[in-house]
$ cat final.cif   # mmCIF, C-alpha atoms
data_query
#
loop_
_atom_site.label_atom_id
_atom_site.label_comp_id
_atom_site.auth_asym_id
_atom_site.auth_seq_id
_atom_site.Cartn_x
_atom_site.Cartn_y
_atom_site.Cartn_z
CA MET L 1 41.42 -25.63 -179.87
CA ARG L 2 45.12 -24.93 -179.67
CA LEU L 3 46.24 -28.39 -178.53
CA ALA L 4 44.52 -30.09 -181.43
CA LYS L 5 46.01 -27.55 -183.85
CA ILE L 6 49.49 -28.09 -182.43
CA LEU L 7 49.12 -31.85 -182.91
CA ARG L 8 47.95 -31.42 -186.52
CA ILE L 9 50.67 -28.90 -187.40
CA LEU L 10 53.46 -30.95 -185.85
CA THR L 11 52.28 -34.16 -187.45
CA LEU L 12 52.24 -32.53 -190.88
CA ALA L 13 55.64 -30.98 -190.27
CA THR L 14 57.26 -34.38 -189.76
CA GLY L 15 56.01 -35.76 -193.05
CA VAL L 16 55.26 -39.27 -191.70
CA CYS L 17 52.83 -40.27 -188.93
CA LEU L 18 54.27 -39.07 -185.60
CA ALA L 19 57.76 -38.48 -186.91
CA ALA L 20 60.22 -35.82 -185.99
CA VAL L 21 63.72 -35.07 -184.90
CA SER L 22 67.57 -35.87 -183.56
CA ARG L 23 70.37 -37.81 -185.03
CA ALA L 24 72.33 -40.68 -183.53
CA ASP L 25 76.10 -40.63 -183.59
CA ASP L 26 76.05 -42.86 -186.68
CA GLY L 27 73.68 -40.47 -188.43
CA GLY L 28 70.65 -42.70 -188.00
CA PRO L 29 67.30 -41.76 -186.46
CA ILE L 30 66.54 -41.71 -182.73
CA ARG L 31 63.34 -43.17 -181.28
CA PHE L 32 61.48 -40.78 -178.95
CA LEU L 33 58.97 -42.84 -176.95
CA VAL L 34 55.75 -41.46 -175.43
CA PRO L 35 54.01 -44.02 -173.17
CA PHE L 36 50.48 -42.66 -173.62
CA GLU L 37 48.10 -41.97 -176.48
CA GLY L 38 47.42 -38.36 -177.43
CA GLY L 39 47.27 -35.57 -174.89
CA SER L 40 49.86 -33.01 -173.88
CA ALA L 41 52.78 -35.45 -173.63
CA THR L 42 52.56 -36.26 -177.33
CA ALA L 43 52.11 -32.58 -178.21
CA LEU L 44 55.17 -31.70 -176.14
CA ALA L 45 57.29 -34.49 -177.65
CA LEU L 46 56.32 -33.43 -181.15
CA TYR L 47 57.18 -29.82 -180.41
CA LEU L 48 60.59 -30.75 -178.98
CA ALA L 49 61.23 -32.94 -182.01
CA GLU L 50 60.17 -30.22 -184.44
CA ARG L 51 62.53 -27.70 -182.82
CA ALA L 52 65.43 -30.16 -182.60
CA ASN L 53 64.99 -30.92 -186.29
CA ALA L 54 64.90 -27.27 -187.32
CA ASP L 55 67.64 -25.99 -185.00
CA TYR L 56 70.03 -28.95 -184.79
CA GLY L 57 69.46 -30.93 -187.98
CA ALA L 58 68.40 -33.90 -185.89
CA HIS L 59 66.21 -36.82 -186.84
CA ILE L 60 64.05 -38.23 -184.00
CA HIS L 61 61.07 -40.46 -184.64
CA VAL L 62 58.28 -40.02 -182.07
CA GLU L 63 56.51 -43.27 -181.18
CA GLU L 64 53.48 -43.64 -178.94
CA LYS L 65 53.67 -46.80 -176.81
CA PRO L 66 50.44 -46.67 -174.75
CA GLY L 67 49.16 -49.20 -172.30
CA ALA L 68 49.50 -50.46 -168.73
CA SER L 69 49.65 -46.95 -167.30
CA GLY L 70 52.89 -46.16 -169.07
CA ARG L 71 54.60 -49.40 -168.07
CA ILE L 72 54.73 -50.71 -171.65
CA GLY L 73 56.66 -47.66 -172.80
CA ALA L 74 58.90 -47.90 -169.74
CA MET L 75 59.78 -51.51 -170.53
CA VAL L 76 60.52 -50.63 -174.16
CA LEU L 77 63.00 -48.04 -172.93
CA LYS L 78 64.51 -50.37 -170.34
CA ASN L 79 65.09 -53.08 -172.94
CA ALA L 80 66.45 -50.74 -175.62
CA PRO L 81 70.19 -50.90 -176.28
CA PRO L 82 72.04 -48.00 -174.60
CA ASP L 83 73.49 -46.93 -177.93
CA GLY L 84 72.18 -43.36 -178.12
CA LYS L 85 69.29 -44.27 -180.41
CA THR L 86 66.39 -44.31 -177.93
CA MET L 87 64.96 -41.81 -175.45
CA ALA L 88 61.54 -41.36 -173.84
CA LEU L 89 59.38 -38.55 -172.54
CA PHE L 90 57.93 -39.80 -169.25
CA PRO L 91 55.22 -38.06 -167.21
CA PHE L 92 55.63 -38.19 -163.43
CA VAL L 93 53.58 -41.37 -163.06
CA VAL L 94 56.02 -43.60 -164.96
CA PRO L 95 59.22 -43.06 -162.95
CA VAL L 96 57.69 -42.11 -159.57
CA LEU L 97 54.16 -43.35 -158.88
CA ALA L 98 53.82 -46.57 -160.88
CA PRO L 99 56.60 -48.40 -159.00
CA LEU L 100 54.98 -47.35 -155.70
CA ILE L 101 51.42 -48.27 -156.65
CA PHE L 102 51.68 -51.37 -158.82
CA LYS L 103 52.99 -54.70 -157.52
CA ASP L 104 53.82 -55.96 -161.00
CA VAL L 105 56.44 -53.44 -162.15
CA HIS L 106 59.54 -54.78 -163.84
CA TYR L 107 61.59 -51.60 -163.95
CA ASP L 108 63.26 -49.28 -161.47
CA ALA L 109 63.54 -45.71 -162.69
CA VAL L 110 66.64 -44.99 -160.62
CA HIS L 111 68.58 -48.06 -161.77
CA ASP L 112 67.17 -48.69 -165.27
CA PHE L 113 66.97 -45.18 -166.74
CA ALA L 114 69.48 -42.40 -167.36
CA PRO L 115 67.93 -38.98 -166.59
CA VAL L 116 68.38 -36.47 -169.41
CA SER L 117 66.32 -33.36 -168.56
CA GLN L 118 63.13 -32.37 -166.79
CA ILE L 119 61.17 -30.47 -169.42
CA ALA L 120 58.20 -29.05 -167.52
CA ALA L 121 56.21 -29.14 -164.31
CA TYR L 122 52.44 -28.92 -164.16
CA PRO L 123 49.49 -28.88 -161.77
CA LEU L 124 46.47 -31.07 -162.29
CA ALA L 125 42.84 -30.03 -162.60
CA LEU L 126 39.39 -31.37 -161.83
CA ALA L 127 36.95 -30.81 -164.67
CA VAL L 128 33.26 -31.60 -164.97
CA SER L 129 31.14 -32.13 -168.05
CA GLN L 130 29.40 -29.11 -169.50
CA ASP L 131 25.95 -30.16 -168.23
CA HIS L 132 27.18 -31.10 -164.74
CA PRO L 133 25.54 -29.00 -161.98
CA ALA L 134 28.77 -28.39 -160.03
CA THR L 135 30.66 -25.13 -160.42
CA SER L 136 32.98 -25.61 -157.43
CA VAL L 137 34.59 -28.38 -155.41
CA ALA L 138 31.91 -27.98 -152.74
CA GLY L 139 29.24 -28.42 -155.39
CA PHE L 140 30.98 -31.47 -156.81
CA VAL L 141 31.32 -33.04 -153.35
CA ALA L 142 27.62 -32.41 -152.63
CA TRP L 143 26.68 -33.97 -155.97
CA ALA L 144 28.91 -37.02 -155.29
CA LYS L 145 27.27 -37.55 -151.91
CA ASP L 146 23.83 -37.44 -153.52
CA HIS L 147 24.85 -39.64 -156.48
CA PRO L 148 27.27 -42.25 -155.09
CA THR L 149 26.58 -44.72 -157.89
CA GLU L 150 27.35 -42.09 -160.55
CA SER L 151 30.45 -40.48 -159.06
CA PHE L 152 32.98 -41.56 -161.68
CA TYR L 153 35.95 -39.60 -162.91
CA GLY L 154 38.09 -40.27 -165.95
CA MET L 155 41.89 -40.30 -165.98
CA GLY L 156 44.59 -40.96 -168.54
CA SER L 157 45.82 -44.18 -166.93
CA THR L 158 45.53 -46.40 -163.89
CA GLY L 159 47.93 -45.51 -161.08
CA SER L 160 48.56 -42.02 -162.42
CA LEU L 161 48.98 -38.84 -160.40
CA ALA L 162 45.44 -38.04 -161.54
CA GLN L 163 44.11 -41.19 -159.88
CA PHE L 164 46.00 -40.44 -156.70
CA LEU L 165 44.62 -36.90 -156.69
CA GLY L 166 41.17 -38.47 -156.92
CA VAL L 167 42.02 -40.60 -153.88
CA MET L 168 43.13 -37.47 -152.01
CA ILE L 169 39.90 -35.64 -152.89
CA ALA L 170 37.75 -38.58 -151.80
CA GLN L 171 39.59 -38.99 -148.50
CA GLU L 172 39.56 -35.28 -147.71
CA ALA L 173 35.87 -34.83 -148.63
CA GLY L 174 34.58 -38.12 -147.27
CA ILE L 175 33.07 -39.25 -150.56
CA VAL L 176 33.36 -42.19 -152.91
CA LEU L 177 34.99 -41.45 -156.28
CA LYS L 178 35.37 -44.27 -158.75
CA PRO L 179 38.19 -43.96 -161.32
CA VAL L 180 37.73 -44.80 -165.00
CA PRO L 181 41.12 -45.39 -166.66
CA TYR L 182 41.87 -44.65 -170.32
CA LYS L 183 44.88 -45.20 -172.57
CA GLY L 184 45.82 -41.55 -172.38
CA ALA L 185 44.33 -38.14 -171.73
CA GLY L 186 43.13 -37.75 -175.32
CA PRO L 187 40.49 -40.50 -175.22
CA MET L 188 39.44 -39.42 -171.72
CA THR L 189 38.78 -35.82 -172.79
CA VAL L 190 36.73 -37.04 -175.75
CA ASP L 191 34.40 -38.90 -173.38
CA LEU L 192 34.27 -35.94 -171.00
CA VAL L 193 33.25 -33.62 -173.84
CA ALA L 194 30.59 -36.12 -174.91
CA GLY L 195 29.24 -36.35 -171.36
CA HIS L 196 29.95 -40.08 -171.10
CA ILE L 197 31.71 -39.43 -167.77
CA PRO L 198 30.68 -36.73 -165.28
CA ALA L 199 34.21 -35.60 -164.40
CA GLY L 200 37.86 -36.00 -165.29
CA ILE L 201 41.22 -35.34 -163.68
CA SER L 202 44.33 -34.67 -165.71
CA SER L 203 47.10 -32.14 -166.16
CA VAL L 204 45.96 -28.60 -166.83
CA SER L 205 47.70 -28.83 -170.20
CA ASP L 206 45.41 -31.72 -171.18
CA LEU L 207 42.23 -29.88 -170.21
CA ILE L 208 42.75 -26.18 -170.71
CA GLU L 209 41.78 -25.84 -174.37
CA MET L 210 38.47 -27.68 -174.06
CA HIS L 211 37.76 -25.57 -170.96
CA ARG L 212 38.41 -22.41 -172.94
CA ALA L 213 36.17 -23.70 -175.70
CA HIS L 214 33.38 -24.27 -173.12
CA ARG L 215 33.25 -27.99 -173.88
CA PHE L 216 33.63 -28.76 -170.16
CA ARG L 217 34.55 -26.80 -167.02
CA ILE L 218 37.68 -26.86 -164.88
CA ILE L 219 36.58 -26.19 -161.30
CA ALA L 220 39.87 -26.52 -159.37
CA VAL L 221 43.63 -26.82 -159.84
CA SER L 222 46.02 -28.74 -157.61
CA GLY L 223 48.84 -26.22 -157.20
CA THR L 224 49.50 -23.83 -154.34
CA GLN L 225 48.31 -20.79 -156.29
CA ARG L 226 46.10 -19.91 -159.22
CA LEU L 227 47.50 -20.17 -162.73
CA ALA L 228 48.00 -17.13 -164.91
CA GLN L 229 46.38 -19.14 -167.71
CA LEU L 230 43.27 -19.78 -165.55
CA PRO L 231 42.99 -16.77 -163.25
CA ASP L 232 39.32 -17.42 -162.47
CA VAL L 233 39.83 -21.03 -161.37
CA PRO L 234 40.64 -21.39 -157.65
CA THR L 235 42.91 -24.02 -156.14
CA PHE L 236 41.65 -26.87 -153.97
CA ILE L 237 43.39 -25.09 -151.09
CA GLU L 238 41.31 -21.95 -151.63
CA GLN L 239 38.16 -24.04 -151.69
CA GLY L 240 38.77 -25.56 -148.28
CA TYR L 241 40.84 -28.66 -149.11
CA PRO L 242 44.38 -27.82 -147.97
CA SER L 243 45.70 -31.37 -148.27
CA VAL L 244 44.74 -31.71 -151.93
CA GLN L 245 47.98 -30.66 -153.60
CA ALA L 246 49.88 -32.34 -156.42
CA ILE L 247 52.43 -31.12 -158.94
CA GLY L 248 53.60 -33.42 -161.70
CA TRP L 249 56.37 -33.14 -164.24
CA VAL L 250 57.57 -34.58 -167.51
CA GLY L 251 61.16 -35.59 -168.09
CA ILE L 252 63.30 -37.18 -170.75
CA PHE L 253 65.10 -40.43 -169.96
CA ALA L 254 67.43 -42.76 -171.84
CA PRO L 255 68.31 -46.41 -171.15
CA ARG L 256 70.79 -46.82 -168.30
CA GLY L 257 74.28 -47.08 -169.77
CA THR L 258 73.72 -44.57 -172.56
CA PRO L 259 77.07 -42.77 -173.01
CA LYS L 260 77.34 -39.66 -170.85
CA THR L 261 78.44 -37.63 -173.86
CA VAL L 262 75.13 -38.46 -175.54
CA VAL L 263 73.08 -37.73 -172.40
CA ASP L 264 74.86 -34.41 -171.91
CA ARG L 265 74.36 -33.43 -175.55
CA TRP L 266 70.65 -34.21 -175.41
CA SER L 267 70.29 -32.45 -172.05
CA SER L 268 71.93 -29.29 -173.39
CA MET L 269 69.88 -29.37 -176.58
CA PHE L 270 66.51 -29.78 -174.88
CA ALA L 271 67.30 -27.25 -172.12
CA THR L 272 68.19 -24.68 -174.78
CA ILE L 273 64.96 -25.37 -176.65
CA VAL L 274 62.83 -25.18 -173.51
CA HIS L 275 64.39 -21.92 -172.30
CA SER L 276 63.81 -20.20 -175.63
CA PRO L 277 61.18 -17.44 -176.04
CA GLN L 278 59.56 -19.53 -178.79
CA ALA L 279 58.88 -22.39 -176.39
CA ALA L 280 57.42 -20.06 -173.78
CA ALA L 281 55.08 -18.54 -176.34
CA ARG L 282 54.08 -21.91 -177.80
CA LEU L 283 53.67 -24.07 -174.69
CA ALA L 284 53.11 -21.89 -171.63
CA GLU L 285 49.48 -21.25 -172.57
CA LEU L 286 48.86 -24.99 -172.28
CA GLY L 287 49.60 -24.80 -168.57
CA PHE L 288 53.22 -26.00 -168.55
CA ASP L 289 55.82 -24.45 -166.27
CA LEU L 290 58.83 -24.99 -168.51
CA THR L 291 61.97 -26.01 -166.61
CA GLY L 292 64.66 -27.50 -168.86
CA THR L 293 66.96 -28.87 -166.16
CA SER L 294 70.27 -30.69 -166.36
CA SER L 295 70.49 -34.48 -166.10
CA ASP L 296 71.84 -34.20 -162.54
CA GLU L 297 68.94 -31.96 -161.53
CA LEU L 298 66.41 -34.42 -162.92
CA ALA L 299 68.14 -37.24 -161.04
CA ALA L 300 67.87 -35.26 -157.80
CA THR L 301 64.19 -34.46 -158.46
CA LEU L 302 63.47 -38.13 -159.12
CA ASP L 303 65.11 -39.20 -155.84
CA ALA L 304 63.31 -36.47 -153.86
CA ASP L 305 59.87 -37.25 -155.29
CA ILE L 306 60.18 -40.98 -154.70
CA ALA L 307 61.15 -40.23 -151.08
CA ARG L 308 58.21 -37.81 -150.72
CA TRP L 309 55.49 -39.93 -152.31
CA ALA L 310 56.45 -43.35 -150.92
CA PRO L 311 55.17 -42.65 -147.38
CA ILE L 312 52.10 -40.83 -148.74
CA VAL L 313 51.14 -43.81 -150.90
CA LYS L 314 51.82 -46.25 -148.05
CA ALA L 315 49.78 -44.24 -145.55
CA SER L 316 46.86 -44.06 -147.97
CA GLY L 317 46.74 -47.84 -148.31
CA PHE L 318 46.09 -47.31 -152.02
CA HIS L 319 47.18 -49.89 -154.61
CA ALA L 320 46.25 -49.92 -158.29
CA ASP L 321 46.17 -53.69 -158.68
#
$ encode --input "final.cif" --output "structure tokens"
Amino acid sequence: MRLAKILRILTLATGVCLAAVSRADDGGPIRFLVPFEGGSATALALYLAERANADYGAHIHVEEKPGASGRIGAMVLKNAPPDGKTMALFPFVVPVLAPLIFKDVHYDAVHDFAPVSQIAAYPLALAVSQDHPATSVAGFVAWAKDHPTESFYGMGSTGSLAQFLGVMIAQEAGIVLKPVPYKGAGPMTVDLVAGHIPAGISSVSDLIEMHRAHRFRIIAVSGTQRLAQLPDVPTFIEQGYPSVQAIGWVGIFAPRGTPKTVVDRWSSMFATIVHSPQAAARLAELGFDLTGTSSDELAATLDADIARWAPIVKASGFHAD
């Protein structure tokens, strides 16, 4: 299971807990926040830290801050001094969806965070437990109609892109799907492997290794075309659900007010790492489309996605609290 191996290797490489990589201007360590527990975001942060340490002599300390669908980690970043000693790796839900879905959000990604670099984009996937009868979306929909009291699906957090994809599937198929939130994709996949939940939705990168190990089955992906890593898994579009599309991303942010020289240095460093052949070989198999954008490009992506998803969320009538 490659993801688990990556996590073990990177943890050992840091020498202490989830430690790793970049140096503040005063030579001290930099906190690298991850707002969820386990899963691909932590693996990606550890990899970036490992490479920054080896290639740039940096000293970043990776800290998981799970809870409240990423909002705890977001508030830690917002309240951190803008002194070049704190950054965070945020999945799409934290800067884009959470402020649209939750009423009780005390941060604004546009005004409270300084974009550094988008690291990767990713589709999501619907997976079912190994003993589930469904082998396609049609089969899953038929099962959900016959078992309305059992039609649960796990997700890494409340209000995530995974939950909203579940809403889209339910609306398109005319079924009831009940979300079960976890404090990250790692705990969710454990329960899916154990058969405690019949299905789960998460990024492909969170699910692909257990799928390959035949611990559960991915039956659809949410992009516009099949993935090279999963050539036998059709999209929702191919299976007759053209409106079920969702692409997420992960980006690095700093507190608003962090010096531009620091933001630019980090942006250049991470973009170089992400565009390297080593990163492609190490991370692409997990289902990431590595991007490594500039800070300005991430800012433009953030604005565009908020504008795109705001009317979709409003039209759905969906709220997480």
$ atom_distance --input "final.cif" --atom1 "atom CA of L:Ala271" --atom2 "atom CA of L:Glu63"
21.3 Å
$ residues_around --input "final.cif" --residues "stretch 231-236 of chain L" --least-positions-apart "3" --cutoff "12 Å" --atoms "only C-alpha atoms" --output "PyMOL selection string"
chain L and resi 123-127+135-138+140+165-166+168-169+172-173+204+208+211-212+217-228+239-246+287
$ residues_around --input "final.cif" --residues "L:Gly195" --least-positions-apart "2" --cutoff "9 Å" --atoms "only C-alpha atoms" --output "list in words"
Val128, Ser129, Gln130, Asp131, His132, Val190, Asp191, Leu192, Val193, Ile197, Pro198, Ala199 and Phe216 of chain L
$ closest_residue --input "final.cif" --among "L:Ala58, L:Leu89, L:Met155, L:Ile247" --to "L:Gln118" --atoms "all atoms listed in the file"
L:Leu89
$ atom_distance --input "final.cif" --atom1 "atom CA of L:Ile306" --atom2 "atom CA of L:Gly184"
22.8 Å
$ closest_residue --input "final.cif" --among "L:Ile273, L:Val96, L:Leu286, L:Ile201" --to "L:Ala43" --atoms "only C-alpha atoms"
L:Leu286
$ resolve_selection --input "final.cif" --expression "the PyMOL selection byres ((chain L and resi 98-111) around 10)" --output "NGL selection string"
:L and (68-71 or 74-75 or 77-79 or 92-97 or 112-115 or 158-161 or 164 or 253 or 255-257 or 299 or 302-303 or 306 or 309-314 or 317-321)
$ atom_distance --input "final.cif" --atom1 "atom CA of L:Pro181" --atom2 "atom CA of L:Ala41"
16.8 Å
$ closest_residue --input "final.cif" --among "L:Ser40, L:Pro133, L:Asp146, L:Gly248" --to "L:Asp305" --atoms "all atoms listed in the file"
L:Gly248
$ resolve_selection --input "final.cif" --expression "the PyMOL selection byres ((chain L and resi 261) around 12)" --output "list in words"
Ala24, Asp25, Asp83, Gly84, Val116, Gly257, Thr258, Pro259, Lys260, Val262, Val263, Asp264, Arg265, Trp266, Ser267, Ser268 and Ser295 of chain L
$ write_last_selection --input "final.cif" --atoms "C-alpha atoms" --output "CSV table (one decimal), keeping the file's coordinate frame"
chain,number,residue,atom,x,y,z
L,24,ALA,CA,72.3,-40.7,-183.5
L,25,ASP,CA,76.1,-40.6,-183.6
L,83,ASP,CA,73.5,-46.9,-177.9
L,84,GLY,CA,72.2,-43.4,-178.1
L,116,VAL,CA,68.4,-36.5,-169.4
L,257,GLY,CA,74.3,-47.1,-169.8
L,258,THR,CA,73.7,-44.6,-172.6
L,259,PRO,CA,77.1,-42.8,-173.0
L,260,LYS,CA,77.3,-39.7,-170.8
L,262,VAL,CA,75.1,-38.5,-175.5
L,263,VAL,CA,73.1,-37.7,-172.4
L,264,ASP,CA,74.9,-34.4,-171.9
L,265,ARG,CA,74.4,-33.4,-175.6
L,266,TRP,CA,70.6,-34.2,-175.4
L,267,SER,CA,70.3,-32.4,-172.0
L,268,SER,CA,71.9,-29.3,-173.4
L,295,SER,CA,70.5,-34.5,-166.1
$ closest_residue --input "final.cif" --among "L:Leu44, L:Val167, L:Met188, L:Ala315" --to "L:Ala284" --atoms "only C-alpha atoms"
L:Leu44
$ closest_residue --input "final.cif" --among "L:Met269, L:Ala185, L:Ser316, L:Val274" --to "L:Tyr56" --atoms "all atoms listed in the file"
L:Met269
$ closest_residue --input "final.cif" --among "L:Ala121, L:Ser157, L:Trp249, L:Leu33" --to "L:Ala80" --atoms "only C-alpha atoms"
L:Leu33
$ residues_around --input "final.cif" --residues "L:Pro148" --least-positions-apart "5" --cutoff "8 Å" --atoms "only C-alpha atoms" --output "number ranges by chain"
L: 175-177
$ resolve_selection --input "final.cif" --expression "the PyMOL selection byres ((chain L and resi 279) around 12)" --output "list in words"
Leu44, Tyr47, Leu48, Glu50, Arg51, Ala52, Ile119, Ala120, Phe270, Ala271, Thr272, Ile273, Val274, His275, Ser276, Pro277, Gln278, Ala280, Ala281, Arg282, Leu283, Ala284, Glu285, Leu286, Phe288, Asp289, Leu290, Thr291 and Gly292 of chain L
$ axis_aligned_box --input "final.cif" --around "stretch 94-102 of chain L" --padding-each-side "3 Å" --output "lines of an AutoDock Vina configuration file"
center_x = 55.3
center_y = -46.7
center_z = -160.3
size_x = 13.8
size_y = 15.3
size_z = 15.3
